file model-v6.csv (CSV, C-alpha atoms)
chain,number,residue,atom,x,y,z
N,14,MET,CA,28.6,133.6,-96.0
N,15,ASP,CA,26.7,130.5,-95.2
N,16,VAL,CA,27.4,127.7,-97.7
N,17,ALA,CA,25.4,124.4,-97.6
N,18,ASN,CA,25.8,121.2,-99.6
N,19,PRO,CA,23.5,121.3,-102.7
N,20,ASP,CA,23.4,117.5,-102.7
N,21,ASN,CA,21.4,117.7,-99.4
N,22,GLY,CA,18.8,119.8,-101.1
N,23,VAL,CA,19.8,122.9,-99.1
N,24,SER,CA,20.3,126.2,-101.0
N,25,THR,CA,23.6,128.0,-100.9
N,26,THR,CA,23.0,131.3,-99.2
N,27,VAL,CA,24.7,134.4,-98.0
N,28,THR,CA,23.7,136.3,-94.9
N,29,VAL,CA,24.8,139.9,-94.5
N,30,ARG,CA,24.1,142.9,-92.2
N,31,GLY,CA,22.9,146.0,-93.8
N,32,VAL,CA,23.2,149.4,-92.1
N,33,GLY,CA,21.6,152.7,-93.0
N,34,LEU,CA,22.6,156.0,-91.4
N,35,ILE,CA,20.9,159.4,-92.0
N,36,ARG,CA,21.7,162.6,-90.2
N,37,ALA,CA,18.7,164.8,-89.3
N,38,GLU,CA,17.6,167.5,-86.9
N,39,PRO,CA,15.6,166.1,-83.9
N,40,ASP,CA,12.0,167.0,-83.7
N,41,GLU,CA,11.4,166.5,-80.0
N,42,ALA,CA,13.2,167.2,-76.7
N,43,VAL,CA,12.7,166.2,-73.1
N,44,LEU,CA,13.4,168.4,-70.1
N,45,TRP,CA,13.4,167.3,-66.5
N,46,ILE,CA,12.5,170.1,-64.1
N,47,THR,CA,13.2,169.5,-60.4
N,48,LEU,CA,12.0,171.7,-57.5
N,49,SER,CA,13.7,171.1,-54.2
N,50,ALA,CA,13.5,172.7,-50.7
N,51,LEU,CA,15.4,172.0,-47.4
N,52,GLU,CA,13.5,173.0,-44.2
N,53,ASP,CA,13.6,172.0,-40.6
N,54,GLY,CA,10.5,169.9,-40.8
N,55,PRO,CA,9.1,167.7,-43.6
N,56,GLY,CA,5.8,169.6,-43.8
N,57,ALA,CA,7.5,173.0,-44.3
N,58,ALA,CA,9.7,171.5,-47.1
N,59,LEU,CA,6.8,169.9,-48.8
N,60,ALA,CA,4.7,173.1,-48.6
N,61,ASP,CA,7.5,175.1,-50.2
N,62,VAL,CA,7.8,172.6,-53.1
N,63,SER,CA,4.1,172.4,-53.5
N,64,THR,CA,3.7,176.1,-53.8
N,65,ARG,CA,6.4,176.3,-56.5
N,66,ALA,CA,5.0,173.2,-58.2
N,67,SER,CA,1.7,175.0,-58.6
N,68,ALA,CA,3.5,178.0,-60.1
N,69,LEU,CA,5.3,175.6,-62.5
N,70,VAL,CA,2.0,174.2,-63.7
N,71,ALA,CA,0.8,177.8,-64.4
N,72,LEU,CA,4.0,178.5,-66.3
N,73,LEU,CA,3.7,175.3,-68.4
N,74,ASP,CA,0.1,176.3,-69.2
N,75,GLU,CA,1.2,179.8,-70.1
N,76,VAL,CA,3.9,178.7,-72.6
N,77,GLY,CA,1.6,176.2,-74.2
N,78,VAL,CA,2.8,172.8,-72.9
N,79,THR,CA,-0.2,170.5,-73.1
N,80,LYS,CA,-1.0,168.2,-70.2
N,81,ALA,CA,-0.3,165.2,-72.4
N,82,ASP,CA,3.3,166.4,-72.8
N,83,ARG,CA,4.1,166.7,-69.1
N,84,SER,CA,4.4,164.1,-66.4
N,85,THR,CA,5.3,164.1,-62.7
N,86,SER,CA,8.4,161.9,-62.5
N,87,GLY,CA,8.7,161.6,-58.8
N,88,ILE,CA,8.1,163.2,-55.3
N,89,THR,CA,10.4,162.6,-52.4
N,90,VAL,CA,10.5,163.8,-48.8
N,91,ALA,CA,13.5,162.6,-46.6
N,92,GLU,CA,15.7,163.8,-43.8
N,93,GLU,CA,19.1,165.0,-44.9
N,94,PHE,CA,22.3,164.4,-42.9
N,95,ASP,CA,25.8,165.8,-42.9
N,96,HIS,CA,28.4,163.2,-42.2
N,97,THR,CA,31.6,164.3,-40.3
N,98,LYS,CA,34.3,162.7,-38.3
N,99,GLU,CA,32.3,163.4,-35.2
N,100,GLY,CA,29.3,161.6,-36.6
N,101,ARG,CA,26.3,162.7,-38.5
N,102,HIS,CA,23.8,165.5,-37.7
N,103,SER,CA,20.6,166.4,-39.3
N,104,LEU,CA,20.4,169.3,-41.8
N,105,GLY,CA,16.7,169.2,-42.0
N,106,HIS,CA,14.2,167.6,-44.3
N,107,ARG,CA,14.4,167.9,-48.1
N,108,ALA,CA,11.4,167.7,-50.4
N,109,SER,CA,11.7,167.3,-54.1
N,110,SER,CA,9.3,167.1,-57.0
N,111,GLY,CA,10.2,166.3,-60.6
N,112,VAL,CA,8.4,166.9,-63.8
N,113,SER,CA,9.3,165.7,-67.3
N,114,VAL,CA,8.3,167.9,-70.2
N,115,ARG,CA,8.2,167.0,-73.9
N,116,LEU,CA,8.8,169.9,-76.3
N,117,THR,CA,9.1,170.4,-80.0
N,118,ASP,CA,10.0,174.1,-80.3
N,119,PRO,CA,13.7,175.0,-79.5
N,120,ASP,CA,12.8,178.6,-78.8
N,121,LEU,CA,10.3,177.4,-76.2
N,122,ILE,CA,12.9,175.2,-74.6
N,123,GLY,CA,15.2,178.1,-74.0
N,124,GLN,CA,12.3,180.3,-72.6
N,125,LEU,CA,11.2,177.6,-70.3
N,126,ILE,CA,14.7,176.9,-68.9
N,127,SER,CA,15.2,180.6,-68.2
N,128,ARG,CA,11.9,181.2,-66.5
N,129,ALA,CA,11.8,177.9,-64.5
N,130,THR,CA,15.3,178.6,-63.0
N,131,GLU,CA,14.9,182.3,-62.5
N,132,ASP,CA,11.3,182.4,-61.2
N,133,LEU,CA,11.1,179.0,-59.4
N,134,GLY,CA,14.7,178.1,-58.5
N,135,ALA,CA,14.3,174.9,-60.5
N,136,ARG,CA,17.1,172.5,-61.5
N,137,ILE,CA,17.1,171.6,-65.1
N,138,ASP,CA,18.3,168.4,-66.7
N,139,GLY,CA,18.4,168.1,-70.4
N,140,PRO,CA,17.4,168.7,-73.1
N,141,ARG,CA,17.5,165.2,-74.3
N,142,TRP,CA,17.0,165.4,-78.1
N,143,LEU,CA,14.9,162.8,-79.8
N,144,ILE,CA,13.7,161.9,-83.3
N,145,SER,CA,10.1,160.8,-83.1
N,146,LEU,CA,9.1,157.3,-84.2
N,147,ASP,CA,6.9,158.5,-87.0
N,148,ASN,CA,9.6,160.8,-88.5
N,149,ARG,CA,10.1,160.0,-92.2
N,150,VAL,CA,13.8,159.9,-91.8
N,151,ARG,CA,13.5,156.6,-90.0
N,152,LEU,CA,12.0,155.1,-93.2
N,153,GLU,CA,14.9,156.6,-95.2
N,154,ALA,CA,17.4,154.9,-92.9
N,155,ALA,CA,15.5,151.6,-93.3
N,156,ARG,CA,15.7,151.8,-97.1
N,157,GLU,CA,19.4,152.6,-96.9
N,158,ALA,CA,19.9,149.5,-94.7
N,159,ALA,CA,18.1,147.3,-97.2
N,160,ALA,CA,20.1,148.7,-100.1
N,161,ASP,CA,23.4,148.3,-98.1
N,162,ALA,CA,22.5,144.6,-97.4
N,163,ARG,CA,21.9,144.0,-101.1
N,164,ARG,CA,25.2,145.7,-102.1
N,165,LYS,CA,27.1,143.6,-99.6
N,166,ALA,CA,25.5,140.4,-100.8
N,167,GLU,CA,26.3,141.2,-104.4
N,168,ALA,CA,29.9,141.9,-103.5
N,169,TYR,CA,30.3,138.6,-101.7
N,170,ALA,CA,28.7,136.7,-104.5
N,171,LYS,CA,30.9,138.3,-107.1
N,172,GLY,CA,33.9,137.4,-105.1
N,173,VAL,CA,33.1,133.7,-105.4
N,174,GLY,CA,31.8,133.8,-108.9
N,175,ALA,CA,28.1,133.6,-108.0
N,176,SER,CA,25.1,135.8,-108.4
N,177,VAL,CA,22.5,136.9,-105.8
N,178,GLY,CA,19.2,135.1,-106.0
N,179,GLN,CA,16.0,135.7,-104.1
N,180,LEU,CA,15.7,137.1,-100.6
N,181,ILE,CA,14.6,134.4,-98.2
N,182,ARG,CA,15.0,136.0,-94.7
N,183,LEU,CA,15.0,139.5,-93.4
N,184,SER,CA,15.1,140.6,-89.8
N,185,GLU,CA,15.7,143.9,-88.0
N,186,SER,CA,18.4,144.2,-85.5
N,187,GLY,CA,18.4,146.6,-82.6
N,188,GLU,CA,20.0,150.0,-83.2
N,189,GLN,CA,19.7,153.1,-81.0
N,190,ASP,CA,19.9,156.6,-82.3
N,191,ALA,CA,22.7,158.8,-81.0
N,192,GLU,CA,21.3,161.1,-78.2
N,193,ARG,CA,22.6,164.3,-76.8
N,194,HIS,CA,22.0,165.2,-73.2
N,195,ILE,CA,22.9,168.6,-71.6
N,196,ALA,CA,22.8,169.3,-67.9
N,197,MET,CA,21.8,173.0,-67.3
N,198,ALA,CA,22.8,175.2,-64.4
N,199,THR,CA,20.3,175.5,-61.5
N,200,SER,CA,19.9,179.3,-61.9
N,201,LEU,CA,20.4,182.0,-64.4
N,202,SER,CA,21.2,185.7,-63.9
N,203,SER,CA,18.5,187.1,-66.2
N,204,ARG,CA,15.2,186.3,-67.8
N,205,GLN,CA,16.8,186.3,-71.2
N,206,PRO,CA,16.0,182.9,-72.9
N,207,ILE,CA,19.1,180.7,-73.1
N,208,PRO,CA,20.0,179.8,-76.7
N,209,VAL,CA,19.2,176.1,-77.5
N,210,GLU,CA,20.4,174.5,-80.7
N,211,PRO,CA,19.4,170.9,-81.5
N,212,GLY,CA,22.0,170.3,-84.2
N,213,GLU,CA,21.8,167.1,-86.2
N,214,HIS,CA,21.7,163.5,-84.9
N,215,ASP,CA,22.4,160.1,-86.4
N,216,VAL,CA,19.4,157.9,-87.2
N,217,THR,CA,20.4,154.4,-87.9
N,218,ALA,CA,18.7,151.2,-89.1
N,219,SER,CA,20.2,147.8,-89.2
N,220,ILE,CA,19.0,144.5,-90.7
N,221,TRP,CA,20.1,141.0,-91.3
N,222,ALA,CA,19.3,139.7,-94.8
N,223,THR,CA,19.8,136.2,-96.2
N,224,PHE,CA,19.8,135.7,-100.0
N,225,THR,CA,20.2,132.5,-102.1
N,226,LEU,CA,23.2,132.3,-104.3
N,227,ASP,CA,23.3,131.0,-107.8
N,228,LEU,CA,26.6,129.3,-108.3
N,229,GLY,CA,26.0,128.6,-112.0
call {"tool": "encode", "arguments": {"input": "model-v6.csv", "output": "structure tokens"}}
result
Amino acid sequence: MDVANPDNGVSTTVTVRGVGLIRAEPDEAVLWITLSALEDGPGAALADVSTRASALVALLDEVGVTKADRSTSGITVAEEFDHTKEGRHSLGHRASSGVSVRLTDPDLIGQLISRATEDLGARIDGPRWLISLDNRVRLEAAREAAADARRKAEAYAKGVGASVGQLIRLSESGEQDAERHIAMATSLSSRQPIPVEPGEHDVTASIWATFTLDLG
């Protein structure tokens, strides 16, 4: 609690931190799909990856992933070495291409994971579950944070025999939602879609609020 001298014309105030937490199912997920090939020469490795990347584009089109929800995250071609006591020797050249995909249907996530690994030999990282910025649950958490700040201010005020006056300052502090990230195996033994369950995640909001105090 911040207390100032009323004789100096400064109000007595209390500053509190309010926190709101709501549990909700995520409405988005991100997958990272990586295609990789190791060949003697860089051209052969890149050609292998390029062929499978074209097949991945066709697969994403087939399952209904829009172009706005997919993005090439990186392409690399580099010589790969094995390091031993006798020194290092070349294993060939590895080419890799990565694509990030944003999805909203858990059933589609499982289907895409199964087909990308089985048909294309892809490595899958994810899913990383997200709650979109325009999800209404974020506003619910904000209201909870504001109410929590008010309750705390009133509790402090009551403890010193005062009452809470008007709100004079309100600012949002940075809070991050809990995220879940799962690394999937590089291949599956069948085309059966892998079960994917988003569960519930914490959505938090945090504010700093300053109220005047009436000491009368």
call {"tool": "closest_residue", "arguments": {"input": "model-v6.csv", "among": "N:Val216, N:Ala108, N:Gly172, N:Gly178", "to": "Ala57 of chain N", "atoms": "all atoms listed in the file"}}
result
N:Ala108
call {"tool": "residues_around", "arguments": {"input": "model-v6.csv", "residues": "Leu73 of chain N", "least_positions_apart": "2", "cutoff": "12 Å", "atoms": "all atoms listed in the file", "output": "list in words"}}
result
Ile46, Ala66, Ser67, Ala68, Leu69, Val70, Ala71, Glu75, Val76, Gly77, Val78, Thr79, Lys80, Ala81, Asp82, Arg83, Ser84, Val112, Ser113, Val114, Arg115, Leu116, Leu121, Ile122, Gln124, Leu125, Ile126, Arg128 and Ala129 of chain N
call {"tool": "write_last_selection", "arguments": {"input": "model-v6.csv", "atoms": "C-alpha atoms", "output": "PDB file, keeping the file's coordinate frame"}}
result
ATOM      1  CA  ILE N  46      12.500 170.100 -64.100  1.00  0.00           C
ATOM      2  CA  ALA N  66       5.000 173.200 -58.200  1.00  0.00           C
ATOM      3  CA  SER N  67       1.700 175.000 -58.600  1.00  0.00           C
ATOM      4  CA  ALA N  68       3.500 178.000 -60.100  1.00  0.00           C
ATOM      5  CA  LEU N  69       5.300 175.600 -62.500  1.00  0.00           C
ATOM      6  CA  VAL N  70       2.000 174.200 -63.700  1.00  0.00           C
ATOM      7  CA  ALA N  71       0.800 177.800 -64.400  1.00  0.00           C
ATOM      8  CA  GLU N  75       1.200 179.800 -70.100  1.00  0.00           C
ATOM      9  CA  VAL N  76       3.900 178.700 -72.600  1.00  0.00           C
ATOM     10  CA  GLY N  77       1.600 176.200 -74.200  1.00  0.00           C
ATOM     11  CA  VAL N  78       2.800 172.800 -72.900  1.00  0.00           C
ATOM     12  CA  THR N  79      -0.200 170.500 -73.100  1.00  0.00           C
ATOM     13  CA  LYS N  80      -1.000 168.200 -70.200  1.00  0.00           C
ATOM     14  CA  ALA N  81      -0.300 165.200 -72.400  1.00  0.00           C
ATOM     15  CA  ASP N  82       3.300 166.400 -72.800  1.00  0.00           C
ATOM     16  CA  ARG N  83       4.100 166.700 -69.100  1.00  0.00           C
ATOM     17  CA  SER N  84       4.400 164.100 -66.400  1.00  0.00           C
ATOM     18  CA  VAL N 112       8.400 166.900 -63.800  1.00  0.00           C
ATOM     19  CA  SER N 113       9.300 165.700 -67.300  1.00  0.00           C
ATOM     20  CA  VAL N 114       8.300 167.900 -70.200  1.00  0.00           C
ATOM     21  CA  ARG N 115       8.200 167.000 -73.900  1.00  0.00           C
ATOM     22  CA  LEU N 116       8.800 169.900 -76.300  1.00  0.00           C
ATOM     23  CA  LEU N 121      10.300 177.400 -76.200  1.00  0.00           C
ATOM     24  CA  ILE N 122      12.900 175.200 -74.600  1.00  0.00           C
ATOM     25  CA  GLN N 124      12.300 180.300 -72.600  1.00  0.00           C
ATOM     26  CA  LEU N 125      11.200 177.600 -70.300  1.00  0.00           C
ATOM     27  CA  ILE N 126      14.700 176.900 -68.900  1.00  0.00           C
ATOM     28  CA  ARG N 128      11.900 181.200 -66.500  1.00  0.00           C
ATOM     29  CA  ALA N 129      11.800 177.900 -64.500  1.00  0.00           C
TER      30      ALA N 129
END
call {"tool": "residues_around", "arguments": {"input": "model-v6.csv", "residues": "Glu38 of chain N", "least_positions_apart": "4", "cutoff": "10 Å", "atoms": "all atoms listed in the file", "output": "PyMOL selection string"}}
result
chain N and resi 142-144+150+210-216
call {"tool": "atom_distance", "arguments": {"input": "model-v6.csv", "atom1": "atom CA of Gly111 of chain N", "atom2": "atom CA of Ile88 of chain N"}}
result
6.5 Å
call {"tool": "atom_distance", "arguments": {"input": "model-v6.csv", "atom1": "atom CA of Ile35 of chain N", "atom2": "atom CA of Thr223 of chain N"}}
result
23.6 Å
call {"tool": "closest_residue", "arguments": {"input": "model-v6.csv", "among": "N:Ala60, N:Asp53, N:Ala162, N:Glu131", "to": "Phe94 of chain N", "atoms": "only C-alpha atoms"}}
result
N:Asp53
call {"tool": "closest_residue", "arguments": {"input": "model-v6.csv", "among": "N:Ser103, N:Thr89, N:Ser109, N:Pro119", "to": "Thr64 of chain N", "atoms": "only C-alpha atoms"}}
result
N:Ser109
call {"tool": "atom_distance", "arguments": {"input": "model-v6.csv", "atom1": "atom CA of Glu92 of chain N", "atom2": "atom CA of Glu52 of chain N"}}
result
9.5 Å
call {"tool": "closest_residue", "arguments": {"input": "model-v6.csv", "among": "N:Arg65, N:Arg101, N:Arg141, N:Arg30", "to": "Val43 of chain N", "atoms": "only C-alpha atoms"}}
result
N:Arg141
call {"tool": "residues_around", "arguments": {"input": "model-v6.csv", "residues": "Val27 of chain N", "least_positions_apart": "4", "cutoff": "10 Å", "atoms": "all atoms listed in the file", "output": "list in words"}}
result
Met14, Asp15, Val16, Lys165, Ala166, Glu167, Tyr169, Ala170, Val177, Gly178, Leu180, Ala222, Thr223, Phe224, Thr225 and Leu226 of chain N
call {"tool": "axis_aligned_box", "arguments": {"input": "model-v6.csv", "around": "segment 108-114 of chain N", "padding_each_side": "3 Å", "output": "AutoDock Vina command-line options"}}
result
--center_x 10.0 --center_y 166.8 --center_z -60.3 --size_x 9.4 --size_y 8.2 --size_z 25.8
call {"tool": "closest_residue", "arguments": {"input": "model-v6.csv", "among": "N:Arg107, N:Ser86, N:Thr25, N:Trp221", "to": "Ala158 of chain N", "atoms": "all atoms listed in the file"}}
result
N:Trp221
call {"tool": "closest_residue", "arguments": {"input": "model-v6.csv", "among": "N:Leu59, N:Leu48, N:Leu72, N:Val32", "to": "Ala91 of chain N", "atoms": "only C-alpha atoms"}}
result
N:Leu59
call {"tool": "decode", "arguments": {"input": "model-v6.csv", "residues": "segment 120-161 of chain N", "atoms": "C-alpha atoms", "output": "compact mmCIF listing (two decimals), in the first residue's frame"}}
result
# COMPACT_ATOMS: atom_id res chain seq x y z
CA ASP N 120 -9.26 -34.67 -35.76
CA LEU N 121 -7.49 -33.06 -38.70
CA ILE N 122 -4.32 -32.73 -36.63
CA GLY N 123 -4.20 -36.48 -36.02
CA GLN N 124 -4.93 -37.23 -39.68
CA LEU N 125 -2.22 -34.87 -40.91
CA ILE N 126 0.37 -36.26 -38.50
CA SER N 127 -0.33 -39.83 -39.62
CA ARG N 128 -0.28 -39.13 -43.33
CA ALA N 129 2.74 -36.81 -43.31
CA THR N 130 4.86 -39.32 -41.40
CA GLU N 131 3.65 -42.44 -43.23
CA ASP N 132 3.52 -41.09 -46.78
CA LEU N 133 6.30 -38.50 -46.72
CA GLY N 134 8.66 -39.63 -43.96
CA ALA N 135 8.22 -36.29 -42.22
CA ARG N 136 9.31 -35.31 -38.76
CA ILE N 137 6.56 -33.73 -36.68
CA ASP N 138 7.05 -31.23 -33.85
CA GLY N 139 3.97 -30.24 -31.92
CA PRO N 140 1.18 -29.71 -31.58
CA ARG N 141 1.62 -26.43 -29.73
CA TRP N 142 -1.82 -25.57 -28.39
CA LEU N 143 -2.96 -21.95 -28.46
CA ILE N 144 -5.96 -19.89 -27.47
CA SER N 145 -6.59 -17.24 -30.10
CA LEU N 146 -6.36 -13.56 -29.20
CA ASP N 147 -10.02 -12.95 -30.03
CA ASN N 148 -11.31 -15.82 -27.91
CA ARG N 149 -13.92 -14.52 -25.45
CA VAL N 150 -12.26 -16.36 -22.57
CA ARG N 151 -9.51 -13.72 -22.58
CA LEU N 152 -12.07 -11.04 -21.75
CA GLU N 153 -13.44 -13.24 -18.97
CA ALA N 154 -9.94 -13.49 -17.50
CA ALA N 155 -9.55 -9.70 -17.75
CA ARG N 156 -12.80 -9.17 -15.83
CA GLU N 157 -11.65 -11.64 -13.19
CA ALA N 158 -8.35 -9.75 -12.82
CA ALA N 159 -10.17 -6.43 -12.36
CA ALA N 160 -12.52 -7.94 -9.76
CA ASP N 161 -9.57 -9.53 -7.96
